[in-house]
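Trainee: One structure is given below, represented as structure tokens, and several questions about it will come after.
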Amino acid sequence: MIEIDHLSHVYKGGIKALDDLSFSVEEGEILGLLGPNGAGKSTCVKMITGAIRPSCGSVRVSGYEVFRNLRKVRHIIGVMPQETALYQDLTAQETLEYHADIYGVPREVRDDRIAEMLKLAGLSLRKDDLVKTYSGGMKRRLALVRALLHDSKLLILDEMSLGIDVQSRNLIWQQVKMLKKEGKTIIFCTNYMDEADELADRLVIIDRGRLVAEGSPQSLKKTHVGNFIIELEFRGLTDEQDQSWISEQIGLEVELASENEDPGIQTARIQSEDGYNDLPQVIRILSNLGITVRQASMRSPSLGDVFLTITGSKLRD
Amino acid sequence: MVLRQLAAIIRKDLRIARRDPRFIAPSLIVPFILLSVYLVLWSSVGGGESFVCGLVVEDQTSFGEEMAKIIETMKSSTNHTWFSVTRYGLDEAEQLFLQGDLIAYIIIPDGFGANISNNQDATVLMRINNANDDIVKNYVHRIEAAVLLYNQGARSPDFNQSEAKVSLEEYHTLDITPGNVEYAGAVTIILSLITCSLAGQVMNTSSEFESKAIEDTLNSPISRWVLVVGLTLSAIPRSVLVLVIVFPIVSLIVGISPVGNPILLVLVVLLSVLALTPLGHFIGVLTREREKALLVSVLLAVIGFLAGGGLAPVSLLPLLFRVVALLIPISHVIILWTRLFFYDTMSGLLLSIFALLATWVLFTLAAVYVTNKEVEG
Ligand SMILES: Nc1ncnc2c1ncn2[C@@H]1O[C@H](COP(=O)(O)OP(=O)(O)O)[C@@H](O)[C@H]1O
Ligand SMILES: [Mg+2]
């Protein structure tokens, strides 16, 4: 459905937003683009819709080279942009009418389709109010159904749940899952790992314009992190007892961080294949070394751990 | 399909204009500021019946009285505003002159008639406060003309020159000469239209970019041609609305009404909107921020107004200025409008009509090009 080939982009002013990015999306797949703010996700999807011309590389949608077939490609894409780009002085009804007319939704079905979309967005009762009177979540929902209105094969959702309430977010997530059942191809950008985890069949993780990992959420966690993450808080470490020393003592890879207000307290993060055996063992070894463990926990790895492992920095920074 | 898209764009633009009528503000403010500046300038610096020239007739003979009559009743053959003449005694005139209440006064001295009877040189005296070139010319020309007429044997009140050795016949290229205030009034009316279609569209386009609302249109398969033509068409009712507000107000203030064919005037209005709106969109795509756009467009309207014959008809400017002015589309809008406002003729207007048509085509092309290029740089 989409082939992205060695895509690079430098904005005017010299910011390199994308750096030799290549990936593809299959028909009927939900692909998540995951990465921190400024990673280049929006830039990437704007090239798929033909809004920005890449500095080099090519994008093909349904076999069409995007920049040679803009009209054709724009017909088969529905976009929900990152900014809630709505006309503030139109009503929801008028917003959708305008969209239907410029996309050429057949007249016979137009009004039914609009009514259906308004219902989907939960805006039927407010359809004649101006968009500027809506909450952030309502605007987002309207932007989503606007992208769905002309029933395109490919949907692009840029930060669908940016800055909205939990109800709106759940509603949008539900709809995305429904759309998958209908066989749509969807690309979404996000920096929320729970969103990526919940919705994506496959993820492309981007950092500073580069692809750093690719795969289903499960396989990414498995290959890059392991089965468990053990987190510990303790005190009593001397200056010489650094990360490598403690890793050696325990026999597992340990990452140390001192992010507590109390400088004496340190946090350790340990990747483990066999958490049920490793956790008591680690605590025992540490107490034998005279280190007091204040708190210990074990959990399944998240996509945030994947990102941290690969790039060494946190996703939400 | 194209018609449906066009209709959608126009409907959307007009709905937004109706709900957010702020677009009217600059179109009302800018022209009226210029008009009031002009009125104040004109009534305090030069011209108009409000300026009184004193006349002191010391000579008691019929020759003196005849000369005085000529000065008092002489009319301009164009209807340019002229000063009025009032008689004073010598001391009074001198005092008013010193106080600044009289800009000039004329003395027909004792012995004027006697000199003429004796075939000696007779003299009329004039004192002028020559602070302003225009005024000096105005006064001096009148008194010069009066002396000339007198010498030629013209007799008040018909100034019959049949006895004269030299006579003058004038041909005017235009039927009437609009007064300065009338001209400024007509220009104010068209300037509101210019501001609305040019500055208004710059604002519209840039705020659609700033709010990103335009993205839905740009992501759609709509042709950029349809987009530009659509927004040009929707500027027509907006601009006409502004005209409907400004026209009667200015007509009342200045006391003017158009002479030309109303249908032609309407065509000029349409042509102007068609030419200026794509130009506005073009500028809006380049500026992209409302604040910047507002500044640029008001500046443009004012510069265009000055360079485009807003204060003086283009045909009266020095050659270099005239050439520059004719390169600005606004000039042609003003030329066409003022011509049809004051005269019922289309002669000599072909160049301006052609210039506006060319502007329309050229900037529609340019607007399509920049809209097409990329959404972001
Ligand atoms: N129009 C633009 N001009 C210049 N730089 C830009 C522009 N848009 C985005 N950038 C820069 O490109 C990088 C990637 O941005 P973006 O694609 O929006 O990231 P993301 O969507 O992942 O948060 C950022 O450093 C951003 O500042
Ligand atoms: Mg983004």
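By order in the structure tokens, chains are A, B, ...; within a chain, residues start at 1; ligands start at 1, following the order shown.
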Determine which residues of chain A sit within 7 Å of chain B, taking into account only C-alpha atoms, and present them as a list in words.
Mentor: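 Result: Tyr11, Lys12, Thr49, Ala51, Ile52, Arg53, Arg71, Arg74, His75, Ala85, Leu86, Tyr87, Asp89, Leu90, Tyr98, Asp101, Ile102, Tyr103 and Gly104 of chain A.
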Trainee: For those residues, write N, CA, C and O atoms to a file as a PDB file, in the first residue's frame.
Mentor:
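Result written to result33.pdb:
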ATOM      1  N   TYR A  11      14.556  20.883   6.349  1.00  0.00           N
ATOM      2  CA  TYR A  11      13.708  22.069   6.248  1.00  0.00           C
ATOM      3  C   TYR A  11      14.562  23.283   5.934  1.00  0.00           C
ATOM      4  O   TYR A  11      15.756  23.299   6.213  1.00  0.00           O
ATOM      5  N   LYS A  12      13.895  24.295   5.382  1.00  0.00           N
ATOM      6  CA  LYS A  12      14.579  25.583   5.220  1.00  0.00           C
ATOM      7  C   LYS A  12      15.071  26.000   6.598  1.00  0.00           C
ATOM      8  O   LYS A  12      14.327  25.959   7.562  1.00  0.00           O
ATOM      9  N   THR A  49       1.074  12.378   2.230  1.00  0.00           N
ATOM     10  CA  THR A  49      -0.101  13.072   1.687  1.00  0.00           C
ATOM     11  C   THR A  49       0.287  14.068   0.600  1.00  0.00           C
ATOM     12  O   THR A  49      -0.570  14.686  -0.002  1.00  0.00           O
ATOM     13  N   ALA A  51       1.980  16.854   1.099  1.00  0.00           N
ATOM     14  CA  ALA A  51       1.993  18.230   1.578  1.00  0.00           C
ATOM     15  C   ALA A  51       3.403  18.810   1.572  1.00  0.00           C
ATOM     16  O   ALA A  51       3.577  20.013   1.443  1.00  0.00           O
ATOM     17  N   ILE A  52       4.391  17.964   1.735  1.00  0.00           N
ATOM     18  CA  ILE A  52       5.783  18.423   1.665  1.00  0.00           C
ATOM     19  C   ILE A  52       6.514  17.559   0.652  1.00  0.00           C
ATOM     20  O   ILE A  52       6.336  16.348   0.618  1.00  0.00           O
ATOM     21  N   ARG A  53       7.318  18.211  -0.142  1.00  0.00           N
ATOM     22  CA  ARG A  53       8.135  17.480  -1.107  1.00  0.00           C
ATOM     23  C   ARG A  53       9.439  17.082  -0.427  1.00  0.00           C
ATOM     24  O   ARG A  53      10.117  17.928   0.152  1.00  0.00           O
ATOM     25  N   ARG A  71      -3.219  14.280  -7.398  1.00  0.00           N
ATOM     26  CA  ARG A  71      -4.690  14.224  -7.362  1.00  0.00           C
ATOM     27  C   ARG A  71      -5.183  12.819  -7.038  1.00  0.00           C
ATOM     28  O   ARG A  71      -6.053  12.632  -6.185  1.00  0.00           O
ATOM     29  N   ARG A  74      -4.350  11.907  -3.409  1.00  0.00           N
ATOM     30  CA  ARG A  74      -5.153  12.631  -2.420  1.00  0.00           C
ATOM     31  C   ARG A  74      -6.565  12.068  -2.319  1.00  0.00           C
ATOM     32  O   ARG A  74      -7.207  12.169  -1.273  1.00  0.00           O
ATOM     33  N   HIS A  75      -7.039  11.492  -3.417  1.00  0.00           N
ATOM     34  CA  HIS A  75      -8.360  10.872  -3.405  1.00  0.00           C
ATOM     35  C   HIS A  75      -8.436   9.677  -2.468  1.00  0.00           C
ATOM     36  O   HIS A  75      -9.468   9.420  -1.860  1.00  0.00           O
ATOM     37  N   ALA A  85      -7.012  21.382  12.647  1.00  0.00           N
ATOM     38  CA  ALA A  85      -7.114  22.389  11.599  1.00  0.00           C
ATOM     39  C   ALA A  85      -8.537  22.496  11.097  1.00  0.00           C
ATOM     40  O   ALA A  85      -8.865  22.038  10.019  1.00  0.00           O
ATOM     41  N   LEU A  86      -9.392  23.110  11.912  1.00  0.00           N
ATOM     42  CA  LEU A  86     -10.803  23.248  11.521  1.00  0.00           C
ATOM     43  C   LEU A  86     -11.127  24.724  11.366  1.00  0.00           C
ATOM     44  O   LEU A  86     -10.482  25.572  11.973  1.00  0.00           O
ATOM     45  N   TYR A  87     -12.141  25.017  10.546  1.00  0.00           N
ATOM     46  CA  TYR A  87     -12.633  26.394  10.471  1.00  0.00           C
ATOM     47  C   TYR A  87     -13.457  26.674  11.719  1.00  0.00           C
ATOM     48  O   TYR A  87     -14.468  26.028  11.950  1.00  0.00           O
ATOM     49  N   ASP A  89     -15.317  29.118  12.464  1.00  0.00           N
ATOM     50  CA  ASP A  89     -16.598  29.772  12.251  1.00  0.00           C
ATOM     51  C   ASP A  89     -17.570  28.962  11.392  1.00  0.00           C
ATOM     52  O   ASP A  89     -18.501  29.515  10.823  1.00  0.00           O
ATOM     53  N   LEU A  90     -17.302  27.659  11.285  1.00  0.00           N
ATOM     54  CA  LEU A  90     -18.296  26.791  10.640  1.00  0.00           C
ATOM     55  C   LEU A  90     -18.860  25.856  11.707  1.00  0.00           C
ATOM     56  O   LEU A  90     -18.220  25.619  12.734  1.00  0.00           O
ATOM     57  N   TYR A  98     -18.639  20.801   3.538  1.00  0.00           N
ATOM     58  CA  TYR A  98     -17.553  21.358   2.736  1.00  0.00           C
ATOM     59  C   TYR A  98     -16.589  20.247   2.303  1.00  0.00           C
ATOM     60  O   TYR A  98     -16.242  20.129   1.127  1.00  0.00           O
ATOM     61  N   ASP A 101     -18.042  18.001  -0.334  1.00  0.00           N
ATOM     62  CA  ASP A 101     -18.120  18.629  -1.654  1.00  0.00           C
ATOM     63  C   ASP A 101     -16.755  18.697  -2.333  1.00  0.00           C
ATOM     64  O   ASP A 101     -16.643  18.439  -3.527  1.00  0.00           O
ATOM     65  N   ILE A 102     -15.716  19.047  -1.579  1.00  0.00           N
ATOM     66  CA  ILE A 102     -14.423  19.168  -2.260  1.00  0.00           C
ATOM     67  C   ILE A 102     -13.811  17.798  -2.550  1.00  0.00           C
ATOM     68  O   ILE A 102     -13.003  17.665  -3.451  1.00  0.00           O
ATOM     69  N   TYR A 103     -14.232  16.767  -1.806  1.00  0.00           N
ATOM     70  CA  TYR A 103     -13.730  15.425  -2.105  1.00  0.00           C
ATOM     71  C   TYR A 103     -14.640  14.688  -3.079  1.00  0.00           C
ATOM     72  O   TYR A 103     -14.349  13.567  -3.483  1.00  0.00           O
ATOM     73  N   GLY A 104     -15.772  15.303  -3.402  1.00  0.00           N
ATOM     74  CA  GLY A 104     -16.659  14.679  -4.377  1.00  0.00           C
ATOM     75  C   GLY A 104     -17.386  13.447  -3.866  1.00  0.00           C
ATOM     76  O   GLY A 104     -17.587  12.485  -4.603  1.00  0.00           O
TER      77      GLY A 104
END
Trainee: Quick one: DSSP strand (DSSP E or B) residues in segment 33-281 of chain A, as a count of residues only?
Mentor: 59
Trainee: Given a cut-off of 9 Å, what residues near ligand 1 show up using only C-alpha atoms and all ligand atoms, put as number ranges by chain?
Mentor: A: 9-18, 33-46, 82, 158-159, 189-191, 206-209; B: 375-377
Trainee: Report as a PDB file with C-alpha atoms, in the first residue's frame all protein, DNA and RNA residues lying within 10 Å of Ile114 of chain A, evaluated on only C-alpha atoms, omitting residues in the same chain fewer than 2 positions from it.
Mentor:
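Ended up saving to selection07.pdb:
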ATOM      1  CA  ALA A  92     -19.741  20.568  12.401  1.00  0.00           C
ATOM      2  CA  GLN A  93     -22.443  19.968   9.797  1.00  0.00           C
ATOM      3  CA  GLU A  94     -21.000  22.663   7.509  1.00  0.00           C
ATOM      4  CA  THR A  95     -17.445  21.426   8.038  1.00  0.00           C
ATOM      5  CA  LEU A  96     -18.431  17.995   6.831  1.00  0.00           C
ATOM      6  CA  GLU A  97     -20.527  19.354   3.941  1.00  0.00           C
ATOM      7  CA  HIS A  99     -15.290  18.333   2.971  1.00  0.00           C
ATOM      8  CA  ALA A 100     -17.779  16.096   1.150  1.00  0.00           C
ATOM      9  CA  VAL A 109     -25.184   9.566  -0.100  1.00  0.00           C
ATOM     10  CA  ARG A 110     -23.719  12.816   1.171  1.00  0.00           C
ATOM     11  CA  ASP A 111     -26.262  13.751   3.789  1.00  0.00           C
ATOM     12  CA  ASP A 112     -26.670  10.223   5.140  1.00  0.00           C
ATOM     13  CA  GLU A 116     -23.556   8.837  10.233  1.00  0.00           C
ATOM     14  CA  MET A 117     -20.222  10.543  10.851  1.00  0.00           C
ATOM     15  CA  LEU A 118     -21.753  13.034  13.270  1.00  0.00           C
ATOM     16  CA  LYS A 119     -23.254  10.157  15.196  1.00  0.00           C
ATOM     17  CA  LEU A 120     -19.925   8.337  15.217  1.00  0.00           C
ATOM     18  CA  SER A 124     -25.261  14.819  16.436  1.00  0.00           C
ATOM     19  CA  VAL A 145     -14.772  11.679  11.214  1.00  0.00           C
ATOM     20  CA  ARG A 146     -13.945  14.316   8.645  1.00  0.00           C
ATOM     21  CA  LEU A 149     -16.136  10.934   5.536  1.00  0.00           C
ATOM     22  CA  HIS A 150     -15.038  10.233   1.976  1.00  0.00           C
TER      23      HIS A 150
END
Trainee: So the first atom is atom CA of Val244 of chain B and the second is atom CA of Ile303 of chain B; what is the distance between them in Å, to one decimal place?
Mentor: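 Answer for the atom CA of Val244 of chain B to atom CA of Ile303 of chain B separation: 24.3 Å.
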Trainee: Can you tell me which residues surround segment 118-124 of chain B at a distance of at most 10 Å, considering only C-alpha atoms, apart from same-chain residues fewer than 3 positions away, and format the answer as a ChimeraX atom specification?
Mentor: /B:57,64,67,106-115,143-144,147
Trainee: Just to confirm, what's the straight-line distance from atom CA of Ser244 of chain A to atom CA of Asn227 of chain A in Å (one decimal)?
Mentor: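 Separation of atom CA of Ser244 of chain A and atom CA of Asn227 of chain A: 22.1 Å.
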Trainee: Take atom CA of Ser152 of chain A and atom CA of Val368 of chain B and report the distance between them in Å, one decimal.
Mentor: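 Pair atom CA of Ser152 of chain A / atom CA of Val368 of chain B returns 26.0 Å.
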Trainee: So which residues touch Gly275 of chain A within 8 Å, counting only C-alpha atoms, skipping near sequence neighbours fewer than 3 positions away, as a ChimeraX atom specification?
Mentor: /A:227-230,272,278-279,298
Trainee: Could you save those same residues with C-alpha atoms as a compact mmCIF listing (two decimals), in the first residue's frame?
Mentor:
# COMPACT_ATOMS: atom_id res chain seq x y z
CA ASN A 227 10.40 -10.74 29.57
CA PHE A 228 10.63 -8.66 32.72
CA ILE A 229 11.83 -5.35 34.04
CA ILE A 230 12.94 -5.23 37.65
CA SER A 272 15.49 -10.12 33.12
CA ASP A 278 15.96 -13.12 39.61
CA LEU A 279 14.06 -10.69 41.86
CA MET A 298 8.71 -6.25 38.73
Trainee: Compare B:Gly308, B:Leu299, B:Ala275, B:Ile190 by their minimum atom-to-atom distance to Phe354 of chain B, counting only C-alpha atoms, and give me the closest one.
Mentor: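 Of all the options, B:Ala275 lies closest to Phe354 of chain B.
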Trainee: For Val282 of chain A, find every residue with an atom within 12 Å (counting only C-alpha atoms), except residues of its own chain fewer than 4 positions away, and show them as an MDAnalysis selection string.
Mentor: chainID A and resid 230:232 234 246:254 268:272 274:278 286:289 291:293 296:298
Trainee: Considering only C-alpha atoms, return as a PyMOL selection string whatever protein or nucleic-acid residues lie within 8 Å of Thr309 of chain A, sequence-local ones (same chain, fewer than 3 positions apart) excluded.
Mentor: chain A and resi 224-225+305-306+312-313
Trainee: Determine the nearest neighbour of ligand 2 from the options A:Asp20, A:Asp151, A:Glu26, A:Glu83, counting only C-alpha atoms and all ligand atoms.
Mentor: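 Checking each of A:Asp20, A:Asp151, A:Glu26, A:Glu83 against ligand 2, counting only C-alpha atoms and all ligand atoms, the winner is A:Glu83.
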Trainee: From a backbone DSSP assignment, name each residue in segment 210-255 of chain B labelled alpha helix (DSSP H), as an MDAnalysis selection string.
Mentor: chainID B and resid 210 214:219 224:250
Trainee: Name the closest residue to ligand 2 among the candidates A:Pro217, A:Glu29, A:Thr267, A:Pro81; distances are taken between atoms, counting only C-alpha atoms and all ligand atoms.
Mentor: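 Of the candidates, the smallest distance to ligand 2 is held by A:Pro81.
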